[in-house]
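Undergrad: Structure file run.pdb (PDB, N, CA and C atoms) right here:
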```
ATOM      1  N   MET A  29      18.168  22.717  22.544
ATOM      2  CA  MET A  29      18.347  23.626  21.416
ATOM      3  C   MET A  29      19.312  24.718  21.823
ATOM      4  N   ALA A  30      20.193  25.050  20.931
ATOM      5  CA  ALA A  30      21.208  26.075  21.191
ATOM      6  C   ALA A  30      20.570  27.462  21.226
ATOM      7  N   LEU A  31      21.198  28.339  21.988
ATOM      8  CA  LEU A  31      20.756  29.725  22.030
ATOM      9  C   LEU A  31      21.041  30.382  20.686
ATOM     10  N   ALA A  32      20.320  31.445  20.379
ATOM     11  CA  ALA A  32      20.462  32.127  19.089
ATOM     12  C   ALA A  32      21.911  32.510  18.799
ATOM     13  N   GLU A  33      22.608  33.016  19.796
ATOM     14  CA  GLU A  33      23.994  33.426  19.544
ATOM     15  C   GLU A  33      24.942  32.240  19.368
ATOM     16  N   GLU A  34      24.482  31.033  19.710
ATOM     17  CA  GLU A  34      25.300  29.831  19.539
ATOM     18  C   GLU A  34      25.049  29.128  18.206
ATOM     19  N   ARG A  35      23.943  29.459  17.555
ATOM     20  CA  ARG A  35      23.624  28.797  16.285
ATOM     21  C   ARG A  35      24.489  29.385  15.180
ATOM     22  N   GLU A  36      25.077  28.505  14.395
ATOM     23  CA  GLU A  36      25.964  28.968  13.345
ATOM     24  C   GLU A  36      25.829  28.085  12.112
ATOM     25  N   THR A  37      26.379  28.575  11.020
ATOM     26  CA  THR A  37      26.484  27.811   9.787
ATOM     27  C   THR A  37      27.916  27.937   9.304
ATOM     28  N   VAL A  38      28.516  26.797   8.981
ATOM     29  CA  VAL A  38      29.882  26.764   8.474
ATOM     30  C   VAL A  38      29.818  26.142   7.078
ATOM     31  N   ILE A  39      30.350  26.864   6.100
ATOM     32  CA  ILE A  39      30.309  26.408   4.707
ATOM     33  C   ILE A  39      31.737  26.340   4.176
ATOM     34  N   ARG A  40      32.094  25.193   3.604
ATOM     35  CA  ARG A  40      33.408  25.036   2.966
ATOM     36  C   ARG A  40      33.176  24.647   1.516
ATOM     37  N   SER A  41      34.017  25.155   0.645
ATOM     38  CA  SER A  41      33.894  24.795  -0.765
ATOM     39  C   SER A  41      35.142  24.079  -1.236
ATOM     40  N   ASP A  42      34.956  23.207  -2.227
ATOM     41  CA  ASP A  42      36.053  22.474  -2.842
ATOM     42  C   ASP A  42      36.035  22.808  -4.329
ATOM     43  N   ASP A  43      36.964  23.671  -4.758
ATOM     44  CA  ASP A  43      37.007  24.102  -6.153
ATOM     45  C   ASP A  43      37.322  22.957  -7.108
ATOM     46  N   GLU A  44      38.117  22.011  -6.666
ATOM     47  CA  GLU A  44      38.484  20.899  -7.544
ATOM     48  C   GLU A  44      37.264  20.033  -7.878
ATOM     49  N   CYS A  45      36.505  19.680  -6.869
ATOM     50  CA  CYS A  45      35.318  18.829  -7.074
ATOM     51  C   CYS A  45      34.054  19.644  -7.329
ATOM     52  N   LYS A  46      34.140  20.958  -7.130
ATOM     53  CA  LYS A  46      32.997  21.854  -7.279
ATOM     54  C   LYS A  46      31.830  21.429  -6.379
ATOM     55  N   THR A  47      32.146  21.244  -5.099
ATOM     56  CA  THR A  47      31.133  20.850  -4.119
ATOM     57  C   THR A  47      31.260  21.699  -2.861
ATOM     58  N   TRP A  48      30.194  21.668  -2.063
ATOM     59  CA  TRP A  48      30.136  22.355  -0.775
ATOM     60  C   TRP A  48      30.008  21.322   0.337
ATOM     61  N   THR A  49      30.547  21.655   1.500
ATOM     62  CA  THR A  49      30.301  20.921   2.733
ATOM     63  C   THR A  49      29.711  21.938   3.699
ATOM     64  N   VAL A  50      28.582  21.587   4.312
ATOM     65  CA  VAL A  50      27.879  22.548   5.171
ATOM     66  C   VAL A  50      27.563  21.901   6.520
ATOM     67  N   TYR A  51      27.774  22.654   7.582
ATOM     68  CA  TYR A  51      27.314  22.295   8.920
ATOM     69  C   TYR A  51      26.467  23.466   9.391
ATOM     70  N   THR A  52      25.281  23.183   9.883
ATOM     71  CA  THR A  52      24.424  24.277  10.349
ATOM     72  C   THR A  52      23.534  23.863  11.511
ATOM     73  N   LEU A  53      23.296  24.817  12.367
ATOM     74  CA  LEU A  53      22.321  24.702  13.455
ATOM     75  C   LEU A  53      21.140  25.642  13.200
ATOM     76  N   GLN A  54      21.158  26.354  12.082
ATOM     77  CA  GLN A  54      20.136  27.359  11.802
ATOM     78  C   GLN A  54      18.987  26.748  10.997
ATOM     79  N   GLN A  55      17.779  26.799  11.563
ATOM     80  CA  GLN A  55      16.608  26.210  10.921
ATOM     81  C   GLN A  55      16.339  26.827   9.552
ATOM     82  N   LYS A  56      16.566  28.124   9.414
ATOM     83  CA  LYS A  56      16.330  28.796   8.144
ATOM     84  C   LYS A  56      17.231  28.208   7.044
ATOM     85  N   VAL A  57      18.482  27.921   7.377
ATOM     86  CA  VAL A  57      19.416  27.339   6.411
ATOM     87  C   VAL A  57      19.028  25.891   6.115
ATOM     88  N   ILE A  58      18.640  25.141   7.128
ATOM     89  CA  ILE A  58      18.204  23.748   6.950
ATOM     90  C   ILE A  58      17.025  23.700   5.987
ATOM     91  N   THR A  59      16.077  24.603   6.164
ATOM     92  CA  THR A  59      14.901  24.664   5.288
ATOM     93  C   THR A  59      15.311  24.994   3.855
ATOM     94  N   LYS A  60      16.199  25.956   3.670
ATOM     95  CA  LYS A  60      16.652  26.319   2.323
ATOM     96  C   LYS A  60      17.353  25.144   1.648
ATOM     97  N   LEU A  61      18.179  24.426   2.395
ATOM     98  CA  LEU A  61      18.871  23.274   1.822
ATOM     99  C   LEU A  61      17.893  22.159   1.461
ATOM    100  N   ARG A  62      16.900  21.956   2.301
ATOM    101  CA  ARG A  62      15.883  20.933   2.000
ATOM    102  C   ARG A  62      15.140  21.285   0.705
ATOM    103  N   LYS A  63      14.851  22.570   0.502
ATOM    104  CA  LYS A  63      14.125  23.009  -0.693
ATOM    105  C   LYS A  63      14.906  22.776  -1.981
ATOM    106  N   VAL A  64      16.250  22.743  -1.903
ATOM    107  CA  VAL A  64      17.049  22.477  -3.104
ATOM    108  C   VAL A  64      17.405  20.998  -3.218
ATOM    109  N   GLY A  65      16.798  20.169  -2.373
ATOM    110  CA  GLY A  65      16.978  18.723  -2.477
ATOM    111  C   GLY A  65      18.125  18.149  -1.684
ATOM    112  N   ALA A  66      18.729  18.944  -0.813
ATOM    113  CA  ALA A  66      19.839  18.453  -0.001
ATOM    114  C   ALA A  66      19.312  17.717   1.223
ATOM    115  N   GLU A  67      19.932  16.589   1.513
ATOM    116  CA  GLU A  67      19.586  15.818   2.700
ATOM    117  C   GLU A  67      20.836  15.674   3.561
ATOM    118  N   PRO A  68      20.708  15.873   4.872
ATOM    119  CA  PRO A  68      21.893  15.736   5.729
ATOM    120  C   PRO A  68      22.320  14.273   5.815
ATOM    121  N   TYR A  69      23.618  14.043   5.890
ATOM    122  CA  TYR A  69      24.100  12.678   6.085
ATOM    123  C   TYR A  69      24.195  12.360   7.568
ATOM    124  N   LYS A  70      24.111  13.418   8.401
ATOM    125  CA  LYS A  70      24.193  13.239   9.848
ATOM    126  C   LYS A  70      23.463  14.386  10.531
ATOM    127  N   VAL A  71      22.712  14.056  11.600
ATOM    128  CA  VAL A  71      22.058  15.076  12.426
ATOM    129  C   VAL A  71      22.480  14.814  13.866
ATOM    130  N   ASP A  72      23.109  15.807  14.481
ATOM    131  CA  ASP A  72      23.573  15.677  15.860
ATOM    132  C   ASP A  72      22.406  15.738  16.836
ATOM    133  N   SER A  73      22.659  15.295  18.063
ATOM    134  CA  SER A  73      21.624  15.334  19.099
ATOM    135  C   SER A  73      21.214  16.769  19.430
ATOM    136  N   ASP A  74      22.106  17.742  19.180
ATOM    137  CA  ASP A  74      21.775  19.146  19.449
ATOM    138  C   ASP A  74      21.089  19.816  18.261
ATOM    139  N   GLY A  75      20.825  19.059  17.186
ATOM    140  CA  GLY A  75      20.127  19.612  16.031
ATOM    141  C   GLY A  75      21.037  20.065  14.900
ATOM    142  N   GLY A  76      22.340  19.907  15.064
ATOM    143  CA  GLY A  76      23.277  20.284  14.010
ATOM    144  C   GLY A  76      23.141  19.348  12.815
ATOM    145  N   HIS A  77      23.002  19.910  11.632
ATOM    146  CA  HIS A  77      22.872  19.143  10.399
ATOM    147  C   HIS A  77      24.164  19.210   9.607
ATOM    148  N   HIS A  78      24.618  18.067   9.123
ATOM    149  CA  HIS A  78      25.845  17.970   8.336
ATOM    150  C   HIS A  78      25.486  17.564   6.909
ATOM    151  N   TYR A  79      26.006  18.303   5.931
ATOM    152  CA  TYR A  79      25.785  18.025   4.517
ATOM    153  C   TYR A  79      27.144  17.938   3.845
ATOM    154  N   LYS A  80      27.284  17.049   2.884
ATOM    155  CA  LYS A  80      28.529  17.004   2.124
ATOM    156  C   LYS A  80      28.226  16.726   0.665
ATOM    157  N   ASP A  81      29.178  17.075  -0.166
ATOM    158  CA  ASP A  81      29.084  16.856  -1.613
ATOM    159  C   ASP A  81      27.876  17.545  -2.244
ATOM    160  N   LEU A  82      27.522  18.731  -1.739
ATOM    161  CA  LEU A  82      26.463  19.506  -2.370
ATOM    162  C   LEU A  82      27.033  20.138  -3.630
ATOM    163  N   LYS A  83      26.307  20.087  -4.716
ATOM    164  CA  LYS A  83      26.767  20.696  -5.958
ATOM    165  C   LYS A  83      26.827  22.214  -5.791
ATOM    166  N   PHE A  84      27.736  22.841  -6.528
ATOM    167  CA  PHE A  84      27.892  24.295  -6.432
ATOM    168  C   PHE A  84      26.560  25.013  -6.672
ATOM    169  N   ASN A  85      25.742  24.519  -7.608
ATOM    170  CA  ASN A  85      24.490  25.218  -7.920
ATOM    171  C   ASN A  85      23.407  25.015  -6.861
ATOM    172  N   GLN A  86      23.630  24.174  -5.870
ATOM    173  CA  GLN A  86      22.654  23.992  -4.804
ATOM    174  C   GLN A  86      22.770  25.069  -3.722
ATOM    175  N   VAL A  87      23.888  25.772  -3.707
ATOM    176  CA  VAL A  87      24.111  26.815  -2.709
ATOM    177  C   VAL A  87      24.375  28.120  -3.449
ATOM    178  N   SER A  88      23.651  29.169  -3.084
ATOM    179  CA  SER A  88      23.877  30.457  -3.725
ATOM    180  C   SER A  88      23.797  31.570  -2.684
ATOM    181  N   PHE A  89      24.396  32.675  -3.028
ATOM    182  CA  PHE A  89      24.395  33.831  -2.149
ATOM    183  C   PHE A  89      23.785  34.993  -2.902
ATOM    184  N   ARG A  90      22.972  35.741  -2.225
ATOM    185  CA  ARG A  90      22.335  36.908  -2.842
ATOM    186  C   ARG A  90      22.714  38.143  -2.059
ATOM    187  N   SER A  91      22.578  39.278  -2.702
ATOM    188  CA  SER A  91      22.999  40.532  -2.074
ATOM    189  C   SER A  91      22.127  40.914  -0.885
ATOM    190  N   GLY A  92      20.897  40.453  -0.858
ATOM    191  CA  GLY A  92      19.998  40.831   0.217
ATOM    192  C   GLY A  92      19.396  42.205   0.019
ATOM    193  N   LYS A  93      19.757  42.821  -1.088
ATOM    194  CA  LYS A  93      19.250  44.149  -1.396
ATOM    195  C   LYS A  93      17.783  44.032  -1.821
ATOM    196  N   GLU A  94      16.932  44.774  -1.166
ATOM    197  CA  GLU A  94      15.514  44.720  -1.496
ATOM    198  C   GLU A  94      15.212  45.527  -2.743
ATOM    199  N   ARG A  95      14.315  44.999  -3.526
ATOM    200  CA  ARG A  95      13.902  45.680  -4.749
ATOM    201  C   ARG A  95      12.871  46.748  -4.394
ATOM    202  N   VAL A  96      13.100  47.963  -4.857
ATOM    203  CA  VAL A  96      12.171  49.052  -4.610
ATOM    204  C   VAL A  96      11.399  49.298  -5.894
ATOM    205  N   MET A  97      10.079  49.149  -5.808
ATOM    206  CA  MET A  97       9.224  49.316  -6.983
ATOM    207  C   MET A  97       8.134  50.330  -6.686
ATOM    208  N   THR A  98       7.772  51.080  -7.702
ATOM    209  CA  THR A  98       6.628  51.980  -7.564
ATOM    210  C   THR A  98       5.365  51.139  -7.633
ATOM    211  N   GLU A  99       4.255  51.727  -7.276
ATOM    212  CA  GLU A  99       2.977  51.008  -7.356
ATOM    213  C   GLU A  99       2.680  50.610  -8.798
ATOM    214  N   GLU A 100       3.015  51.461  -9.754
ATOM    215  CA  GLU A 100       2.792  51.145 -11.173
ATOM    216  C   GLU A 100       3.651  49.962 -11.609
ATOM    217  N   GLN A 101       4.904  49.923 -11.184
ATOM    218  CA  GLN A 101       5.792  48.807 -11.518
ATOM    219  C   GLN A 101       5.287  47.509 -10.889
ATOM    220  N   ARG A 102       4.806  47.612  -9.667
ATOM    221  CA  ARG A 102       4.277  46.438  -8.969
ATOM    222  C   ARG A 102       3.044  45.894  -9.705
ATOM    223  N   GLN A 103       2.165  46.778 -10.133
ATOM    224  CA  GLN A 103       0.961  46.375 -10.866
ATOM    225  C   GLN A 103       1.336  45.740 -12.204
ATOM    226  N   ALA A 104       2.309  46.338 -12.926
ATOM    227  CA  ALA A 104       2.748  45.796 -14.218
ATOM    228  C   ALA A 104       3.357  44.405 -14.036
ATOM    229  N   ALA A 105       4.152  44.225 -12.996
ATOM    230  CA  ALA A 105       4.757  42.915 -12.727
ATOM    231  C   ALA A 105       3.680  41.891 -12.397
ATOM    232  N   SER A 106       2.687  42.297 -11.628
ATOM    233  CA  SER A 106       1.584  41.407 -11.281
ATOM    234  C   SER A 106       0.843  40.932 -12.528
ATOM    235  N   GLU A 107       0.539  41.861 -13.409
ATOM    236  CA  GLU A 107      -0.150  41.516 -14.662
ATOM    237  C   GLU A 107       0.699  40.579 -15.525
ATOM    238  N   LYS A 108       1.987  40.851 -15.592
ATOM    239  CA  LYS A 108       2.899  40.019 -16.382
ATOM    240  C   LYS A 108       2.912  38.580 -15.857
ATOM    241  N   PHE A 109       3.001  38.414 -14.538
ATOM    242  CA  PHE A 109       3.037  37.084 -13.966
ATOM    243  C   PHE A 109       1.700  36.364 -14.110
ATOM    244  N   LYS A 110       0.599  37.100 -14.004
ATOM    245  CA  LYS A 110      -0.719  36.494 -14.214
ATOM    246  C   LYS A 110      -0.838  35.966 -15.632
ATOM    247  N   LYS A 111      -0.357  36.755 -16.603
ATOM    248  CA  LYS A 111      -0.401  36.351 -18.009
ATOM    249  C   LYS A 111       0.473  35.115 -18.235
ATOM    250  N   MET A 112       1.679  35.125 -17.677
ATOM    251  CA  MET A 112       2.579  33.974 -17.822
ATOM    252  C   MET A 112       1.960  32.718 -17.215
ATOM    253  N   HIS A 113       1.336  32.854 -16.040
ATOM    254  CA  HIS A 113       0.705  31.721 -15.365
ATOM    255  C   HIS A 113      -0.448  31.165 -16.206
ATOM    256  N   LYS A 114      -1.256  32.063 -16.767
ATOM    257  CA  LYS A 114      -2.387  31.656 -17.602
ATOM    258  C   LYS A 114      -1.889  30.912 -18.849
ATOM    259  N   GLU A 115      -0.842  31.444 -19.499
ATOM    260  CA  GLU A 115      -0.283  30.814 -20.693
ATOM    261  C   GLU A 115       0.302  29.447 -20.365
ATOM    262  N   LYS A 116       0.918  29.326 -19.233
ATOM    263  CA  LYS A 116       1.506  28.050 -18.814
ATOM    264  C   LYS A 116       0.423  27.008 -18.621
ATOM    265  N   LYS A 117      -0.708  27.405 -18.016
ATOM    266  CA  LYS A 117      -1.827  26.476 -17.803
ATOM    267  C   LYS A 117      -2.424  26.022 -19.122
ATOM    268  N   GLU A 118      -2.489  26.932 -20.096
ATOM    269  CA  GLU A 118      -3.087  26.607 -21.388
ATOM    270  C   GLU A 118      -2.221  25.621 -22.179
ATOM    271  N   VAL A 119      -0.925  25.626 -21.954
ATOM    272  CA  VAL A 119      -0.015  24.742 -22.680
ATOM    273  C   VAL A 119      -0.189  23.309 -22.199
ATOM    274  N   LYS A 120      -0.489  23.107 -20.945
ATOM    275  CA  LYS A 120      -0.622  21.745 -20.359
ATOM    276  C   LYS A 120      -1.806  21.021 -20.865
TER     277      LYS A 120
END
```
If you convert what's in this file into structure tokens, what do you get?

TA:
Amino acid sequence: MALAEERETVIRSDDECKTWTVYTLQQKVITKLRKVGAEPYKVDSDGGHHYKDLKFNQVSFRSGKERVMTEEQRQAASEKFKKMHKEKKEVK
């Protein structure tokens, strides 16, 4: 296994085909790609995963900015999600 400073992710995009090509040694990235249904076409002996022809919507970038909520906002959001979950169960 590569040392932390040696692990990298390389992402290339193709605007014409609207696809991504990804190479990664980072387990966190491998897990995220697996969750969106991506499967590597090749896995190196050192653990490097190669992906190609990933759709643009399978890869996204977020600001990483954490949401700051007051306790009241957190409670209101909790109640809202509980209500949505309950309504979803009742529809099934």

Undergrad: Given only C-alpha atoms as the basis, pick out the residue of A:His78, A:Lys63, A:Lys70, A:Lys116 nearest to A:Trp48.

TA: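 Going through A:His78, A:Lys63, A:Lys70, A:Lys116 one by one, the smallest distance to A:Trp48 is for A:His78.
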
Undergrad: What's the separation between atom CA of A:Leu53 and atom CA of A:Glu34, in Å to one decimal place?

TA: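 According to the coordinates, atom CA of A:Leu53 and atom CA of A:Glu34 are separated by 8.5 Å.
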
Undergrad: Would you kindly translate the PyMOL selection byres (((chain A and resi 55 and name CA) around 12) and name CA) into the concrete residues it picks from this file, as a VMD selection string?

TA: chain A and resid 29 to 30 32 35 to 37 51 to 54 56 to 62 75 to 77

Undergrad: What is the atom CA of A:Val87-atom CA of A:Phe109 distance in Å, reported with one decimal?

TA: 26.0 Å

Undergrad: Using Å and a single decimal, report how far atom C of A:Val38 sits from atom C of A:Leu82.

TA: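 Atom-to-atom, atom C of A:Leu82 and atom C of A:Val38 are spaced 12.6 Å apart.
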
Undergrad: Name the residues of chain A that fall into strand (DSSP E or B) according to DSSP on the backbone, using the chain letters and numbers of this document, as JSON, numbers by chain.

TA: {"A": [37, 38, 39, 40, 41, 42, 47, 48, 49, 50, 51, 52, 70, 71, 77, 78, 79, 80, 81, 82, 83]}

Undergrad: Taking the DSSP assignment computed from this structure's backbone, write out as a ChimeraX atom specification all residues of stretch 39-107 of chain A that belong to alpha helix (DSSP H).

TA: /A:55-63,99-107
